[in-house]
Amino acid sequence: MLSLAVHKLEIRYPGLPAPALDIPALFIEPGTHIALTGPSGAGKTTFINIAVGMERVRSGKVEWDGENLAAMSEGRRDRWRARNAGLVMQDFHLFPGLSALGNVLLPQRLSRFRLPGDMRSRALDMLARVGIDRADQPVETMSRGQMQRVAVARALVGRPGVIIADEPTASLDAGSGEAVASLLLDLARETKATLIVATHDARLTGRLDRILQLENGWVRG
Ligand SMILES: Nc1ncnc2c1ncn2[C@@H]1O[C@H](COP(=O)(O)OP(=O)(O)OP(=O)(O)O)[C@@H](O)[C@H]1O
């Protein structure tokens, strides 16, 4: 579990008169479960991209347990992300042509010199945990709810210190959404990960510890 400290963060885009993000100070306690909410265009996706080092910060600090992503090169940020962050993105980012198991193992293969001996069995356990019993099924033949669960298994198999999910229940029916939300919360609690979830889903925000409300790049809560 990791803490996040943000100082004097300002993100501007060409053509946008006000900053897309303007956060003087923000601290997230390690192990907290955070909901990131706000209307369309408020800066949620920008915040997520910045928090996991996918976008460069030119002004301010973004420190996870004292490691400042803003001071790192792109390569170091990529390595930091591979070691520390589990991502569940809105459109899953799964690789067609690979099985569920292949998808769960792929980031582990890419980020390590050699796959730990128990990683395959951990991946199979994690897939069983999220309710995927055909680990060899090609992902492109799966339903959206199943794909979402594979994405959750992939994000969590490396036991990351922080889990970040962008609208993880959007595009799922109520039952599948509820199941994915419960899984994320249970697994984050078990692995003691810090969890940040961008969501409009009131059933999900109600189950998290703290709500960060974004409004025109400003954060409240
Ligand atoms: N690469 C970019 N270039 C220019 N403007 C951008 C860029 N990325 C984001 N923006 C702008 O920054 C603002 C914040 O966008 P962001 O995608 O973070 O909002 P959001 O809260 O995630 O919205 P949504 O809920 O609709 O996904 C918007 O006005 C958007 O148009």
# chains A, B, ... in the order shown; residues from 1 in each chain; ligands from 1

$ select_by_dssp --residues "chain A" --states "strand (DSSP E or B)" --output "mmCIF file with C-alpha atoms, in the first residue's frame"
data_model
loop_
_atom_site.group_PDB
_atom_site.id
_atom_site.type_symbol
_atom_site.label_atom_id
_atom_site.label_comp_id
_atom_site.auth_asym_id
_atom_site.auth_seq_id
_atom_site.Cartn_x
_atom_site.Cartn_y
_atom_site.Cartn_z
ATOM 1 C CA LEU A 4 -0.014 9.686 -2.620
ATOM 2 C CA ALA A 5 1.048 13.285 -2.005
ATOM 3 C CA VAL A 6 0.325 15.872 -4.701
ATOM 4 C CA HIS A 7 1.797 19.405 -4.462
ATOM 5 C CA LYS A 8 1.109 22.392 -6.677
ATOM 6 C CA LEU A 9 0.045 20.262 -9.613
ATOM 7 C CA GLU A 10 -1.055 22.164 -12.691
ATOM 8 C CA ILE A 11 -1.811 20.527 -16.043
ATOM 9 C CA LEU A 21 -6.044 20.022 -13.353
ATOM 10 C CA ASP A 22 -5.176 22.526 -10.637
ATOM 11 C CA ILE A 23 -4.439 20.818 -7.309
ATOM 12 C CA PRO A 24 -2.475 22.876 -4.732
ATOM 13 C CA ALA A 25 -2.242 19.993 -2.236
ATOM 14 C CA LEU A 26 -3.755 16.539 -1.839
ATOM 15 C CA PHE A 27 -2.808 13.598 0.386
ATOM 16 C CA ILE A 28 -4.185 10.079 0.117
ATOM 17 C CA HIS A 33 -10.276 3.380 -1.027
ATOM 18 C CA ILE A 34 -11.029 6.549 -2.971
ATOM 19 C CA ALA A 35 -13.872 7.439 -5.349
ATOM 20 C CA LEU A 36 -13.004 10.018 -7.979
ATOM 21 C CA THR A 37 -16.167 11.698 -9.209
ATOM 22 C CA LYS A 61 4.935 16.999 -7.589
ATOM 23 C CA VAL A 62 3.195 13.619 -7.647
ATOM 24 C CA GLU A 63 4.780 11.479 -4.934
ATOM 25 C CA TRP A 64 3.957 7.865 -4.168
ATOM 26 C CA GLU A 67 8.950 8.788 -5.091
ATOM 27 C CA ASN A 68 8.185 11.783 -7.302
ATOM 28 C CA ALA A 85 0.251 0.013 -10.235
ATOM 29 C CA GLY A 86 -2.622 -2.238 -11.319
ATOM 30 C CA LEU A 87 -4.791 -0.547 -13.945
ATOM 31 C CA VAL A 88 -8.344 -1.359 -14.977
ATOM 32 C CA SER A 99 -6.342 -16.286 -23.960
ATOM 33 C CA PRO A 138 -9.546 -16.333 -26.355
ATOM 34 C CA VAL A 162 -2.048 0.894 -5.876
ATOM 35 C CA ILE A 163 -5.040 -0.147 -7.978
ATOM 36 C CA ILE A 164 -6.574 2.429 -10.292
ATOM 37 C CA ALA A 165 -9.822 1.780 -12.112
ATOM 38 C CA ASP A 166 -11.497 4.090 -14.637
ATOM 39 C CA THR A 194 -4.583 1.840 -2.118
ATOM 40 C CA LEU A 195 -7.577 1.965 -4.465
ATOM 41 C CA ILE A 196 -8.661 4.885 -6.670
ATOM 42 C CA VAL A 197 -11.835 4.418 -8.698
ATOM 43 C CA ALA A 198 -13.191 7.007 -11.142
ATOM 44 C CA ARG A 210 -13.500 8.870 0.715
ATOM 45 C CA ILE A 211 -14.920 10.792 -2.239
ATOM 46 C CA LEU A 212 -12.734 13.188 -4.214
ATOM 47 C CA GLN A 213 -14.981 15.454 -6.225
ATOM 48 C CA LEU A 214 -13.368 17.050 -9.291
ATOM 49 C CA GLU A 215 -14.882 20.233 -10.703
ATOM 50 C CA TRP A 218 -10.253 21.501 -8.823
ATOM 51 C CA VAL A 219 -10.493 18.796 -6.219
ATOM 52 C CA ARG A 220 -12.735 18.747 -3.138
#

$ select_by_dssp --residues "chain A" --states "helix (DSSP H, G or I)" --output "MDAnalysis selection string"
chainID A and resid 44:51 69:71 74:84 100:111 119:129 139:141 144:156 174:191 202:205

$ closest_atom_pairs --of "chain A" --to "ligand 1" --cutoff "7 Å" --atoms "only C-alpha atoms and all ligand atoms" --output "tab-separated table"
residue	atom	partner	partner_atom_place_in_ligand_line	distance
A:Tyr13	CA	ligand 1	4 (C)	4.6
A:Pro14	CA	ligand 1	4 (C)	5.7
A:Gly15	CA	ligand 1	4 (C)	6.7
A:Leu16	CA	ligand 1	5 (N)	6.3
A:Ala20	CA	ligand 1	12 (O)	4.6
A:Gly38	CA	ligand 1	21 (O)	6.2
A:Pro39	CA	ligand 1	25 (O)	5.8
A:Ser40	CA	ligand 1	26 (O)	3.5
A:Gly41	CA	ligand 1	19 (O)	3.4
A:Ala42	CA	ligand 1	21 (O)	3.8
A:Gly43	CA	ligand 1	18 (O)	3.1
A:Lys44	CA	ligand 1	21 (O)	3.8
A:Thr45	CA	ligand 1	22 (O)	3.7
A:Thr46	CA	ligand 1	18 (O)	3.7
A:Phe47	CA	ligand 1	18 (O)	6.4

$ residues_around --residues "range 174-177 of chain A" --least-positions-apart "3" --cutoff "12 Å" --atoms "only C-alpha atoms" --output "ChimeraX atom specification"
/A:130-131,143-149,167-171,180-184,199,201-204

$ atom_distance --atom1 "CA of Ala71 in chain A" --atom2 "CA of Lys192 in chain A"
26.7 Å

$ atom_distance --atom1 "CA of Ser3 in chain A" --atom2 "CA of Gly161 in chain A"
9.1 Å

$ atom_distance --atom1 "CA of Asp118 in chain A" --atom2 "CA of Leu105 in chain A"
11.4 Å

$ closest_residue --among "A:Leu124, A:Leu115, A:Val139, A:Ile50" --to "Leu94 in chain A" --atoms "only C-alpha atoms"
A:Val139

$ closest_residue --among "A:Leu172, A:Leu106, A:Met142, A:Val157" --to "Leu127 in chain A" --atoms "only C-alpha atoms"
A:Val157

$ closest_residue --among "A:His200, A:Arg109, A:Arg12, A:Arg129" --to "Glu55 in chain A" --atoms "only C-alpha atoms"
A:Arg12

$ residues_around --residues "Met54 in chain A" --least-positions-apart "3" --cutoff "8 Å" --atoms "only C-alpha atoms" --output "number ranges by chain"
A: 49-51, 77-78

$ write_last_selection --atoms "N, CA and C atoms" --output "PDB file, in the first residue's frame"
ATOM      1  N   ASN A  49      -4.253   9.489 -15.414  1.00  0.00           N
ATOM      2  CA  ASN A  49      -3.049   9.398 -16.254  1.00  0.00           C
ATOM      3  C   ASN A  49      -1.828   9.987 -15.546  1.00  0.00           C
ATOM      4  N   ILE A  50      -2.051  11.080 -14.829  1.00  0.00           N
ATOM      5  CA  ILE A  50      -0.957  11.713 -14.094  1.00  0.00           C
ATOM      6  C   ILE A  50      -0.535  10.852 -12.907  1.00  0.00           C
ATOM      7  N   ALA A  51      -1.540  10.320 -12.193  1.00  0.00           N
ATOM      8  CA  ALA A  51      -1.247   9.566 -10.961  1.00  0.00           C
ATOM      9  C   ALA A  51      -0.437   8.304 -11.249  1.00  0.00           C
ATOM     10  N   ARG A  77       9.199   6.137 -15.268  1.00  0.00           N
ATOM     11  CA  ARG A  77       7.776   6.126 -14.910  1.00  0.00           C
ATOM     12  C   ARG A  77       7.132   4.804 -15.359  1.00  0.00           C
ATOM     13  N   ASP A  78       7.500   4.339 -16.556  1.00  0.00           N
ATOM     14  CA  ASP A  78       6.947   3.061 -17.045  1.00  0.00           C
ATOM     15  C   ASP A  78       7.339   1.924 -16.105  1.00  0.00           C
TER      16      ASP A  78
END

$ residues_around --residues "range 111-114 of chain A" --least-positions-apart "2" --cutoff "9 Å" --atoms "only C-alpha atoms" --output "NGL selection string"
:A and (79 or 82-83 or 106-109 or 116-117)

$ write_last_selection --atoms "C-alpha atoms" --output "PDB file, in the first residue's frame"
ATOM      1  CA  ARG A  79       9.046   0.868 -14.746  1.00  0.00           C
ATOM      2  CA  ALA A  82       4.820  -1.872 -13.988  1.00  0.00           C
ATOM      3  CA  ARG A  83       6.094  -2.526 -10.432  1.00  0.00           C
ATOM      4  CA  LEU A 106       1.367 -10.470 -20.397  1.00  0.00           C
ATOM      5  CA  PRO A 107       2.268  -7.405 -18.258  1.00  0.00           C
ATOM      6  CA  GLN A 108       4.115  -9.666 -15.817  1.00  0.00           C
ATOM      7  CA  ARG A 109       6.148 -11.114 -18.696  1.00  0.00           C
ATOM      8  CA  PRO A 116       8.384 -15.922 -11.093  1.00  0.00           C
ATOM      9  CA  GLY A 117       7.857 -19.699 -10.877  1.00  0.00           C
TER      10      GLY A 117
END

$ closest_residue --among "A:Ala155, A:Met89, A:Val57, A:Leu69" --to "Asn103 in chain A" --atoms "only C-alpha atoms"
A:Ala155
